[in-house]
Amino acid sequence: MLSEIRNSTIRDLSDKVKKQNYGQYLYSLRLNHVRMFNGARIDFHFPVTALIGPNGSGKSTVLGMCACAYSSIKPKDIFRKTRVYDEIMDNWSAEFDLVEKSLNPKGFSKVEVEFSKNVWHIQPKVSRHVAFLRITRTLPVADNPLFTHKKKMSIHDTQVHPTTLDYKEVENIEHIKLSASKILGKTLNDFKLIEIQFTTTKSKNPKLFYYTAEESHDEFGNLVEIRTRRQRTTEELEAIRSTKKIVSKQYVYVGKNNEGYYSEFQFGSGESSVIRAVAEIEALEKNSLLLIEEIENGLHPLAVLRLVEYLIDVANRKSIQVIFTTHSDYALGPLPSEAVWAALDGRLQQGKLPIEVLRAITGRVEVKLAVFVEDEFAKHWVESCLRYARFESFDEAKVYALAGDGNAVKIHEAHRKNPSIPFKSIAIVDGDSSQPDNSSFGIYRLPGASPELEVFNTVLENIEEVLAVLTVGCQLSPSRQADVESTVRSVSTTNYDPHLIFNQIGTKLGLVAESIVRGAFLNVWCDLKKGEAEVIAQAVENAIETADSGKE
């Protein structure tokens, strides 16, 4: 699902961070010793950052520590130490690099946070507005504990204390309705925000009976106090009865359909939470830090993507920094790779990783072998080789695409060192990778210098021989062989980015999907380079046999 955020907007925001053109900005966090992290570092190269990882990997720990950089948040409100079994909190420490123009106009200001002897220490103290967006999207308004005055608004309220309701429409909410409309994918033109004022009158009735005391003398002449029980008259009770008026407010959204207006109590839970989240975000001060836990809760995947697009827009308009945790691939779609960080077994790794890949990295998938490669094209290439070689154990191995040169080897080596992961792994790097291959350590290399060009050029060099198969593979009629040959030759002279070459061919052939063109070229390559395809398949088969035997 493609994002509507322009590449120029992404570049401008990234450049703004690089140039430190913020009044306040959390640039980096180093977790010296916090829970499972020892020396892990995260750099916020983009003003909207996603934290991903399996449950229990430390995403919320990183999110909470980000708030601790600023004096407006008390660390004890986020990380509570109990009197039982919380010794692991002793000597927690973290360091921050902050952009604080008021303290250091040209560089970073360093802040250190430490928990020792049951006391949090923060030096120096820096003030910044920090907001937590409370995610309660799985609850309708009527059950939401953050929505007050539910009983007083209900027609079934017994009103122990008389309460009057006065309400008026809040003006100037067009920006809230516009942004929320884009996220929800529906018009909110007729929606209103109503300010309701509750005035509750509490009366304190005096006691009907009371006592008076008078001094007198008994028969022996001693001074004594005589208490007399008296009853107040109706006039006396009214005169001393006390009343107290308590005034409070609640803001409620009102929608409209063909049948008329309806209150927020009739909204869907996701609809209500999105509108309220947008309102809260729009009210934030410039340069605020916004922290969101599990951004996707209760939302449709498309709404999640649009919500992240909205956050990027807010970051651009108001210089707000946003950090959120997520388990959704849709939340990552609008973000550049440098804006995504994965928490993995006490490590923090930068770059986009699909949730399925995260599960493999942490050993939470049921396979005998994980094959780590550098990108999606390499993944399809290896899978094509396995299919071509009629690899019998295809279902026992799974190929995972990682982001960037070196990640495949890095993750594979971490796998080898982790005895708790129940399956084996190998890494297959691109031909132009700077990582050395070593079959003894399960590291192999794809043929050619550039993956896409290796496949494309091999087919181009043999185009006349394979033209019929290539044409049918592109799901075109055999009568279009001349068009296919002409297009392939044309693209070979005009293409500047090999990553786009199959997309360009598909577009020129009449909007044939890139995946279809890529698959056709890979299948033809396997036919032409049978020996090299079988070498790749054999490496995977040997690794599975090793896994079955229990050897390294």
# chains A, B, ... in the order shown; residues from 1 in each chain; ligands from 1
>>> select_by_dssp(residues="range 210-363 of chain A", states="alpha helix (DSSP H)", output="ChimeraX atom specification")
/A:234-240,269-282,301-318,355-361
>>> write_last_selection(atoms="C-alpha atoms", output="PDB file, in the first residue's frame")
ATOM      1  CA  THR A 234     -38.349  24.250  59.672  1.00  0.00           C
ATOM      2  CA  GLU A 235     -37.261  27.886  59.476  1.00  0.00           C
ATOM      3  CA  GLU A 236     -34.096  27.156  61.433  1.00  0.00           C
ATOM      4  CA  LEU A 237     -33.231  24.181  59.191  1.00  0.00           C
ATOM      5  CA  GLU A 238     -33.606  26.273  56.005  1.00  0.00           C
ATOM      6  CA  ALA A 239     -31.536  29.086  57.474  1.00  0.00           C
ATOM      7  CA  ILE A 240     -28.493  26.931  58.226  1.00  0.00           C
ATOM      8  CA  SER A 269     -14.413   2.946  19.272  1.00  0.00           C
ATOM      9  CA  GLY A 270     -11.817   3.558  16.550  1.00  0.00           C
ATOM     10  CA  GLU A 271     -13.708   6.558  15.186  1.00  0.00           C
ATOM     11  CA  SER A 272     -13.907   8.237  18.574  1.00  0.00           C
ATOM     12  CA  SER A 273     -10.266   7.632  19.440  1.00  0.00           C
ATOM     13  CA  VAL A 274      -8.938   8.952  16.111  1.00  0.00           C
ATOM     14  CA  ILE A 275     -10.910  12.196  16.418  1.00  0.00           C
ATOM     15  CA  ARG A 276      -9.807  12.711  20.003  1.00  0.00           C
ATOM     16  CA  ALA A 277      -6.187  11.836  19.184  1.00  0.00           C
ATOM     17  CA  VAL A 278      -6.130  14.392  16.373  1.00  0.00           C
ATOM     18  CA  ALA A 279      -7.612  17.043  18.672  1.00  0.00           C
ATOM     19  CA  GLU A 280      -4.992  16.339  21.330  1.00  0.00           C
ATOM     20  CA  ILE A 281      -2.142  16.408  18.811  1.00  0.00           C
ATOM     21  CA  GLU A 282      -3.311  19.644  17.199  1.00  0.00           C
ATOM     22  CA  PRO A 301      -4.692  -1.155   8.459  1.00  0.00           C
ATOM     23  CA  LEU A 302      -5.409   1.692   6.029  1.00  0.00           C
ATOM     24  CA  ALA A 303      -6.304   3.990   8.934  1.00  0.00           C
ATOM     25  CA  VAL A 304      -2.981   3.089  10.591  1.00  0.00           C
ATOM     26  CA  LEU A 305      -1.069   4.102   7.459  1.00  0.00           C
ATOM     27  CA  ARG A 306      -3.005   7.370   7.200  1.00  0.00           C
ATOM     28  CA  LEU A 307      -2.457   8.117  10.882  1.00  0.00           C
ATOM     29  CA  VAL A 308       1.312   7.854  10.428  1.00  0.00           C
ATOM     30  CA  GLU A 309       1.059  10.080   7.341  1.00  0.00           C
ATOM     31  CA  TYR A 310      -0.787  12.592   9.505  1.00  0.00           C
ATOM     32  CA  LEU A 311       1.969  12.451  12.131  1.00  0.00           C
ATOM     33  CA  ILE A 312       4.567  13.207   9.454  1.00  0.00           C
ATOM     34  CA  ASP A 313       2.456  16.170   8.351  1.00  0.00           C
ATOM     35  CA  VAL A 314       2.217  17.445  11.943  1.00  0.00           C
ATOM     36  CA  ALA A 315       5.974  17.030  12.386  1.00  0.00           C
ATOM     37  CA  ASN A 316       6.431  19.148   9.291  1.00  0.00           C
ATOM     38  CA  ARG A 317       3.922  21.838  10.313  1.00  0.00           C
ATOM     39  CA  LYS A 318       4.648  22.154  14.037  1.00  0.00           C
ATOM     40  CA  ILE A 355       7.045  -8.159  11.369  1.00  0.00           C
ATOM     41  CA  GLU A 356       7.441 -11.662   9.891  1.00  0.00           C
ATOM     42  CA  VAL A 357      11.208 -11.092   9.671  1.00  0.00           C
ATOM     43  CA  LEU A 358      11.306  -9.938  13.295  1.00  0.00           C
ATOM     44  CA  ARG A 359       9.690 -13.181  14.361  1.00  0.00           C
ATOM     45  CA  ALA A 360      12.349 -15.132  12.474  1.00  0.00           C
ATOM     46  CA  ILE A 361      15.185 -13.075  13.934  1.00  0.00           C
TER      47      ILE A 361
END
>>> closest_atom_pairs(of="range 308-421 of chain A", to="range 434-445 of chain A", cutoff="9 Å", atoms="only C-alpha atoms", output="CSV")
residue,atom,partner,partner_atom,distance
A:Asp405,CA,A:Ser434,CA,7.3
A:Gly406,CA,A:Gln435,CA,6.3
A:Val409,CA,A:Ile443,CA,7.1
A:His412,CA,A:Gly442,CA,8.3
A:Glu413,CA,A:Phe441,CA,8.4
A:Arg416,CA,A:Phe441,CA,8.9
>>> select_by_dssp(residues="range 261-408 of chain A", states="strand (DSSP E or B)", output="mmCIF file with N, CA and C atoms, in the first residue's frame")
data_model
loop_
_atom_site.group_PDB
_atom_site.id
_atom_site.type_symbol
_atom_site.label_atom_id
_atom_site.label_comp_id
_atom_site.auth_asym_id
_atom_site.auth_seq_id
_atom_site.Cartn_x
_atom_site.Cartn_y
_atom_site.Cartn_z
ATOM 1 N N TYR A 261 -28.691 13.958 14.380
ATOM 2 C CA TYR A 261 -27.431 14.010 15.127
ATOM 3 C C TYR A 261 -27.366 12.874 16.152
ATOM 4 N N TYR A 262 -26.162 12.464 16.465
ATOM 5 C CA TYR A 262 -25.957 11.449 17.490
ATOM 6 C C TYR A 262 -24.654 11.756 18.230
ATOM 7 N N SER A 263 -24.637 11.406 19.527
ATOM 8 C CA SER A 263 -23.498 11.770 20.363
ATOM 9 C C SER A 263 -22.339 10.788 20.181
ATOM 10 N N LEU A 289 7.275 16.712 22.344
ATOM 11 C CA LEU A 289 7.612 15.306 22.129
ATOM 12 C C LEU A 289 6.354 14.487 22.389
ATOM 13 N N LEU A 290 5.913 13.740 21.384
ATOM 14 C CA LEU A 290 4.697 12.930 21.490
ATOM 15 C C LEU A 290 5.076 11.461 21.470
ATOM 16 N N LEU A 291 4.627 10.713 22.474
ATOM 17 C CA LEU A 291 4.919 9.287 22.602
ATOM 18 C C LEU A 291 3.613 8.496 22.525
ATOM 19 N N ILE A 292 3.600 7.468 21.658
ATOM 20 C CA ILE A 292 2.373 6.698 21.431
ATOM 21 C C ILE A 292 2.686 5.209 21.569
ATOM 22 N N GLN A 321 8.112 16.178 17.469
ATOM 23 C CA GLN A 321 8.803 14.894 17.347
ATOM 24 C C GLN A 321 7.886 13.798 17.873
ATOM 25 N N VAL A 322 7.767 12.709 17.117
ATOM 26 C CA VAL A 322 6.851 11.615 17.478
ATOM 27 C C VAL A 322 7.632 10.308 17.531
ATOM 28 N N ILE A 323 7.419 9.536 18.580
ATOM 29 C CA ILE A 323 7.996 8.197 18.705
ATOM 30 C C ILE A 323 6.852 7.265 19.078
ATOM 31 N N PHE A 324 6.703 6.167 18.336
ATOM 32 C CA PHE A 324 5.610 5.245 18.634
ATOM 33 C C PHE A 324 6.071 3.804 18.503
ATOM 34 N N THR A 325 5.382 2.918 19.224
ATOM 35 C CA THR A 325 5.622 1.480 19.094
ATOM 36 C C THR A 325 4.530 0.880 18.220
ATOM 37 N N VAL A 340 12.948 3.694 11.351
ATOM 38 C CA VAL A 340 12.438 2.458 11.957
ATOM 39 C C VAL A 340 13.554 1.783 12.736
ATOM 40 N N TRP A 341 13.276 1.455 13.990
ATOM 41 C CA TRP A 341 14.242 0.766 14.849
ATOM 42 C C TRP A 341 13.591 -0.475 15.435
ATOM 43 N N ALA A 342 14.327 -1.581 15.395
ATOM 44 C CA ALA A 342 13.829 -2.843 15.930
ATOM 45 C C ALA A 342 14.534 -3.171 17.242
ATOM 46 N N ALA A 343 13.748 -3.544 18.250
ATOM 47 C CA ALA A 343 14.298 -4.031 19.519
ATOM 48 C C ALA A 343 14.398 -5.545 19.427
ATOM 49 N N LEU A 344 15.629 -6.057 19.539
ATOM 50 C CA LEU A 344 15.867 -7.485 19.318
ATOM 51 C C LEU A 344 16.819 -8.026 20.376
ATOM 52 N N ARG A 347 19.228 -5.670 21.757
ATOM 53 C CA ARG A 347 19.884 -4.840 20.757
ATOM 54 C C ARG A 347 18.861 -3.908 20.113
ATOM 55 N N LEU A 348 19.355 -2.816 19.541
ATOM 56 C CA LEU A 348 18.523 -1.912 18.770
ATOM 57 C C LEU A 348 19.102 -1.812 17.368
ATOM 58 N N GLN A 349 18.294 -2.179 16.369
ATOM 59 C CA GLN A 349 18.774 -2.221 14.993
ATOM 60 C C GLN A 349 17.952 -1.294 14.128
ATOM 61 N N GLN A 350 18.642 -0.463 13.356
ATOM 62 C CA GLN A 350 17.968 0.507 12.502
ATOM 63 C C GLN A 350 17.628 -0.101 11.148
ATOM 64 N N LEU A 369 15.083 -23.958 8.833
ATOM 65 C CA LEU A 369 16.175 -23.108 8.381
ATOM 66 C C LEU A 369 15.643 -21.740 7.975
ATOM 67 N N ALA A 370 16.301 -20.701 8.456
ATOM 68 C CA ALA A 370 16.016 -19.334 8.019
ATOM 69 C C ALA A 370 17.134 -18.900 7.087
ATOM 70 N N VAL A 371 16.751 -18.416 5.907
ATOM 71 C CA VAL A 371 17.731 -17.929 4.937
ATOM 72 C C VAL A 371 17.612 -16.410 4.898
ATOM 73 N N PHE A 372 18.651 -15.705 5.356
ATOM 74 C CA PHE A 372 18.625 -14.248 5.413
ATOM 75 C C PHE A 372 19.327 -13.679 4.184
ATOM 76 N N VAL A 373 18.622 -12.798 3.469
ATOM 77 C CA VAL A 373 19.181 -12.140 2.291
ATOM 78 C C VAL A 373 19.017 -10.631 2.459
ATOM 79 N N ALA A 397 12.284 -24.515 4.809
ATOM 80 C CA ALA A 397 13.161 -23.343 4.808
ATOM 81 C C ALA A 397 12.344 -22.125 4.408
ATOM 82 N N LYS A 398 12.678 -20.986 4.960
ATOM 83 C CA LYS A 398 11.985 -19.746 4.602
ATOM 84 C C LYS A 398 13.028 -18.655 4.406
ATOM 85 N N VAL A 399 12.810 -17.868 3.341
ATOM 86 C CA VAL A 399 13.758 -16.806 2.997
ATOM 87 C C VAL A 399 13.218 -15.483 3.542
ATOM 88 N N TYR A 400 14.089 -14.715 4.200
ATOM 89 C CA TYR A 400 13.702 -13.443 4.802
ATOM 90 C C TYR A 400 14.565 -12.323 4.251
ATOM 91 N N ALA A 401 13.919 -11.269 3.767
ATOM 92 C CA ALA A 401 14.633 -10.111 3.219
ATOM 93 C C ALA A 401 14.874 -9.088 4.315
#
>>> atom_distance(atom1="CA of Ile426 in chain A", atom2="CA of Gln538 in chain A")
12.2 Å
>>> closest_residue(among="A:Ala403, A:Ile421, A:Ala67, A:Ala339", to="Gly363 in chain A", atoms="only C-alpha atoms")
A:Ile421
>>> residues_around(residues="Asp395 in chain A", least_positions_apart="4", cutoff="10 Å", atoms="only C-alpha atoms", output="PyMOL selection string")
chain A and resi 367-369+391
>>> write_last_selection(atoms="N, CA and C atoms", output="mmCIF file, in the first residue's frame")
data_model
loop_
_atom_site.group_PDB
_atom_site.id
_atom_site.type_symbol
_atom_site.label_atom_id
_atom_site.label_comp_id
_atom_site.auth_asym_id
_atom_site.auth_seq_id
_atom_site.Cartn_x
_atom_site.Cartn_y
_atom_site.Cartn_z
ATOM 1 N N VAL A 367 10.313 -23.195 11.513
ATOM 2 C CA VAL A 367 11.033 -23.641 10.316
ATOM 3 C C VAL A 367 12.290 -24.372 10.772
ATOM 4 N N LYS A 368 12.865 -25.132 9.860
ATOM 5 C CA LYS A 368 14.146 -25.765 10.165
ATOM 6 C C LYS A 368 15.315 -24.855 9.827
ATOM 7 N N LEU A 369 15.083 -23.958 8.833
ATOM 8 C CA LEU A 369 16.175 -23.108 8.381
ATOM 9 C C LEU A 369 15.643 -21.740 7.975
ATOM 10 N N PHE A 391 13.426 -28.308 -5.078
ATOM 11 C CA PHE A 391 13.922 -28.481 -3.715
ATOM 12 C C PHE A 391 12.855 -29.172 -2.866
#
>>> closest_residue(among="A:Val466, A:Leu193, A:Val34, A:Leu188", to="Glu171 in chain A", atoms="only C-alpha atoms")
A:Leu193
>>> atom_distance(atom1="CA of Tyr211 in chain A", atom2="CA of Ser242 in chain A")
19.8 Å
>>> atom_distance(atom1="CA of Cys385 in chain A", atom2="CA of Ser549 in chain A")
24.0 Å
>>> residues_around(residues="Val119 in chain A", least_positions_apart="4", cutoff="12 Å", atoms="only C-alpha atoms", output="PyMOL selection string")
chain A and resi 74-76+79-81+89-93+113-115
>>> residues_around(residues="Val130 in chain A", least_positions_apart="3", cutoff="10 Å", atoms="only C-alpha atoms", output="ChimeraX atom specification")
/A:66-73,127,133,284-285,287-291,321
>>> closest_residue(among="A:Glu100, A:Pro206, A:Asn418, A:Trp120", to="Ile78 in chain A", atoms="only C-alpha atoms")
A:Trp120
>>> closest_residue(among="A:Asp97, A:Ile10, A:Leu165, A:Glu4", to="Lys182 in chain A", atoms="only C-alpha atoms")
A:Glu4
>>> closest_residue(among="A:Gly58, A:Pro47, A:Gly519, A:Gly53", to="Ser384 in chain A", atoms="only C-alpha atoms")
A:Gly519
>>> closest_residue(among="A:Thr494, A:Trp525, A:Gly351, A:Lys379", to="Pro336 in chain A", atoms="only C-alpha atoms")
A:Gly351
>>> residues_around(residues="Gly23 in chain A", least_positions_apart="2", cutoff="8 Å", atoms="only C-alpha atoms", output="PyMOL selection string")
chain A and resi 21+25+99-102+287
>>> residues_around(residues="Arg227 in chain A", least_positions_apart="2", cutoff="8 Å", atoms="only C-alpha atoms", output="MDAnalysis selection string")
chainID A and resid 211:214 225 229
>>> write_last_selection(atoms="C-alpha atoms", output="PDB file, in the first residue's frame")
ATOM      1  CA  TYR A 211     -28.056  19.914  72.327  1.00  0.00           C
ATOM      2  CA  THR A 212     -27.621  23.054  74.406  1.00  0.00           C
ATOM      3  CA  ALA A 213     -25.550  23.281  77.586  1.00  0.00           C
ATOM      4  CA  GLU A 214     -26.262  25.415  80.643  1.00  0.00           C
ATOM      5  CA  GLU A 225     -23.453  21.350  83.148  1.00  0.00           C
ATOM      6  CA  ARG A 229     -31.947  18.027  73.626  1.00  0.00           C
TER       7      ARG A 229
END
